[in-house]
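So this one's run.txt, compact mmCIF, C-alpha atoms:
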# COMPACT_ATOMS: atom_id res chain seq x y z
CA MET J 12 113.74 152.97 95.48
CA THR J 13 112.67 150.51 98.14
CA GLU J 14 115.38 148.95 100.27
CA THR J 15 116.79 145.67 99.08
CA THR J 16 116.36 142.50 101.10
CA THR J 17 118.57 139.51 101.83
CA GLY J 18 117.93 135.80 102.13
CA THR J 19 114.24 136.08 101.27
CA ALA J 20 113.90 133.54 98.47
CA LYS J 21 111.38 130.86 99.40
CA VAL J 22 111.95 127.26 98.35
CA THR J 23 108.95 124.94 98.21
CA LEU J 24 108.38 121.46 96.82
CA PRO J 25 104.97 121.52 95.12
CA ALA J 26 105.33 117.97 93.74
CA ASP J 27 107.73 115.02 94.06
CA ASP J 28 109.53 116.15 90.91
CA GLN J 29 109.45 119.95 91.35
CA ILE J 30 111.32 122.73 93.12
CA LEU J 31 109.73 126.18 93.25
CA ILE J 32 111.74 129.25 94.20
CA THR J 33 110.00 132.58 94.69
CA ARG J 34 111.87 135.84 95.31
CA ASP J 35 110.78 139.46 95.45
CA PHE J 36 113.23 142.08 94.16
CA ALA J 37 113.33 145.81 94.89
CA ALA J 38 113.78 146.61 91.21
CA PRO J 39 111.61 146.88 88.11
CA ARG J 40 111.14 143.79 85.96
CA ARG J 41 113.16 145.16 83.03
CA ASN J 42 116.20 145.50 85.32
CA VAL J 43 115.85 142.04 86.88
CA TYR J 44 115.45 140.48 83.43
CA ARG J 45 118.42 142.45 82.08
CA ALA J 46 120.61 141.30 84.99
CA TRP J 47 119.39 137.71 84.42
CA THR J 48 120.17 137.68 80.68
CA THR J 49 123.25 139.90 80.18
CA PRO J 50 126.53 137.96 80.40
CA ASP J 51 128.58 140.73 82.04
CA LEU J 52 125.89 141.19 84.69
CA VAL J 53 125.40 137.43 85.28
CA LYS J 54 129.14 137.22 85.99
CA ARG J 55 128.63 139.65 88.87
CA TRP J 56 125.84 137.79 90.69
CA TRP J 57 125.63 134.12 89.72
CA ALA J 58 128.31 132.75 92.08
CA GLY J 59 127.05 134.65 95.11
CA LYS J 60 129.94 134.40 97.60
CA ARG J 61 130.87 130.89 96.49
CA GLY J 62 133.56 131.71 93.95
CA THR J 63 134.35 133.65 90.79
CA VAL J 64 132.42 133.30 87.55
CA THR J 65 134.94 132.84 84.75
CA SER J 66 132.63 132.36 81.77
CA VAL J 67 129.05 133.23 80.85
CA ASP J 68 127.76 132.39 77.39
CA ILE J 69 124.16 133.29 76.56
CA ASP J 70 122.61 132.78 73.12
CA LEU J 71 119.21 134.21 74.05
CA ARG J 72 116.95 132.68 71.41
CA VAL J 73 114.78 129.58 71.26
CA GLY J 74 117.19 126.73 70.62
CA GLY J 75 120.10 128.87 71.81
CA GLN J 76 122.51 127.55 74.41
CA TRP J 77 123.69 129.00 77.69
CA ARG J 78 126.66 127.99 79.86
CA TYR J 79 128.03 129.38 83.14
CA VAL J 80 131.37 128.37 84.67
CA LEU J 81 132.78 129.36 88.02
CA ILE J 82 135.87 128.59 90.02
CA ALA J 83 134.49 127.78 93.45
CA ASN J 84 136.22 128.99 96.59
CA GLY J 85 137.62 125.47 96.98
CA SER J 86 139.48 126.01 93.67
CA TYR J 87 137.45 123.55 91.63
CA GLU J 88 135.45 124.28 88.50
CA VAL J 89 131.65 124.16 88.51
CA ALA J 90 129.69 124.47 85.28
CA PHE J 91 126.05 124.38 84.18
CA HIS J 92 124.57 124.56 80.70
CA GLY J 93 121.25 124.31 78.94
CA GLU J 94 119.09 125.23 76.00
CA TYR J 95 116.39 127.89 75.76
CA ARG J 96 112.98 126.47 74.88
CA GLU J 97 110.78 129.53 75.28
CA ILE J 98 111.53 133.25 75.60
CA VAL J 99 109.06 136.05 76.29
CA PRO J 100 111.30 139.07 76.90
CA GLU J 101 111.02 140.51 80.41
CA GLU J 102 108.29 137.97 81.28
CA ARG J 103 109.27 134.33 80.93
CA LEU J 104 112.20 132.04 80.15
CA VAL J 105 112.03 128.26 79.80
CA HIS J 106 115.29 126.36 79.55
CA THR J 107 116.97 123.11 80.43
CA GLU J 108 119.67 123.01 83.09
CA VAL J 109 122.48 120.47 83.32
CA TYR J 110 125.06 120.39 86.11
CA GLU J 111 128.18 119.26 84.29
CA THR J 112 129.23 116.15 86.19
CA PRO J 113 130.44 112.80 84.88
CA GLY J 114 127.45 110.96 83.45
CA ALA J 115 125.23 114.06 83.26
CA SER J 116 122.88 113.87 80.30
CA ASP J 117 121.09 116.58 78.38
CA ALA J 118 118.32 114.04 77.74
CA ASP J 119 117.37 113.93 81.44
CA ALA J 120 117.92 117.63 82.09
CA PRO J 121 115.52 119.43 84.40
CA VAL J 122 113.37 122.07 82.72
CA VAL J 123 113.35 125.44 84.44
CA THR J 124 110.57 128.00 83.95
CA VAL J 125 111.40 131.49 85.19
CA THR J 126 108.71 134.16 85.31
CA PHE J 127 109.09 137.85 86.12
CA THR J 128 106.04 139.81 87.33
CA GLU J 129 106.12 143.49 88.26
CA SER J 130 103.92 145.34 90.73
CA GLU J 131 104.54 148.89 91.93
CA GLY J 132 108.14 148.90 90.73
CA ARG J 133 109.03 145.58 92.41
CA THR J 134 109.54 142.27 90.65
CA THR J 135 108.49 138.83 91.77
CA MET J 136 110.53 136.07 90.18
CA THR J 137 109.32 132.48 90.28
CA MET J 138 111.56 129.67 89.16
CA LEU J 139 109.96 126.24 88.77
CA THR J 140 112.39 123.37 88.22
CA GLN J 141 110.75 120.25 86.79
CA THR J 142 112.97 117.19 87.28
CA ASN J 143 112.54 113.67 85.96
CA GLY J 144 111.69 112.36 89.42
CA LYS J 145 111.91 112.63 93.19
CA GLU J 146 115.46 111.24 93.34
CA LEU J 147 116.93 114.06 91.24
CA ARG J 148 114.77 116.68 92.96
CA ASP J 149 116.01 115.51 96.37
CA LEU J 150 119.62 115.36 95.15
CA ILE J 151 119.38 119.00 94.07
CA ILE J 152 117.83 120.07 97.38
CA GLU J 153 120.39 118.11 99.42
CA SER J 154 123.32 119.58 97.45
CA GLY J 155 123.20 122.74 99.53
CA MET J 156 121.82 124.72 96.59
CA GLU J 157 119.64 126.90 98.79
CA GLY J 158 122.52 128.71 100.52
CA GLY J 159 124.24 129.52 97.26
CA MET J 160 120.95 130.46 95.62
CA GLN J 161 120.14 132.91 98.44
CA GLU J 162 123.53 134.60 97.97
CA SER J 163 123.06 134.74 94.20
CA MET J 164 119.57 136.21 94.47
CA ASP J 165 120.78 138.85 96.95
CA ALA J 166 123.57 139.86 94.55
CA LEU J 167 121.13 139.85 91.61
CA GLU J 168 118.85 142.22 93.49
CA GLU J 169 121.70 144.62 94.24
CA ILE J 170 122.70 144.72 90.58
CA ALA J 171 119.14 145.03 89.27
CA ALA J 172 118.38 147.83 91.74
CA SER J 173 121.47 149.75 90.55
CA LEU J 174 120.59 149.61 86.82
CA GLU J 175 118.97 152.48 84.96
Could you write out this file's structure as structure tokens?
Amino acid sequence: MTETTTGTAKVTLPADDQILITRDFAAPRRNVYRAWTTPDLVKRWWAGKRGTVTSVDIDLRVGGQWRYVLIANGSYEVAFHGEYREIVPEERLVHTEVYETPGASDADAPVVTVTFTESEGRTTMTMLTQTNGKELRDLIIESGMEGGMQESMDALEEIAASLE
């Protein structure tokens, strides 16, 4: 197996209302997808080094809900949830994503499209977040999400590379 990498996810802003993350993983697509969609595995990578995941609920079907909760290192709870809109196993997931803060609305939720492409035993994951405008896109970028995302993606790669 090829060596794993760290901190290699690329964040670009293709449009005023979009965030695109691209990351190559040293693991086959089936393993990356499994780590992405299996609650016990998500618990091991999603928080990166930012805290402890306490709950992962995944109802992996169109119309199904997902919800992740972590206790951040600062001892406060952070939670996200959404609904699956499209599922092509091991290839593509489309879902909404809501950061659970006061006033957060499912109606204005960003839509996230995740694709998994394999070449020579490695997987390229692209994650396109479509927001309802530049203000929300910029708020997400300015939240410090990239540091946490890099840690999460590194941990995801380690887990996916260890699966058989």
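Residues in contact with segment 34-51 of chain J at 6 Å, where all atoms listed in the file are counted and same-chain residues fewer than 6 positions away are skipped, are listed as Thr13, Thr15, Ala20, Val67, Glu101, Glu129, Gly132, Arg133, Thr134, Thr135, Met136, Glu168, Ala171 and Ala172 of chain J.
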In terms of all atoms listed in the file, the residue from J:Thr142, J:Thr17, J:Ser173, J:Ser154 at minimal distance from Leu31 of chain J is J:Thr142
Close residues, Gln76 of chain J itself excluded, 8 Å, all atoms listed in the file, min 3 positions apart in chain, as an MDAnalysis selection string:
chainID J and resid 68:71 92:95
Which polymer residues have any atom within 6 Å of an atom of Leu104 of chain J, counting all atoms listed in the file, with same-chain residues fewer than 6 positions away left out, as a PyMOL selection string?
chain J and resi 97-98+124-125
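Between atom CA of Glu102 of chain J and atom CA of Trp56 of chain J lies a distance of 19.9 Å.
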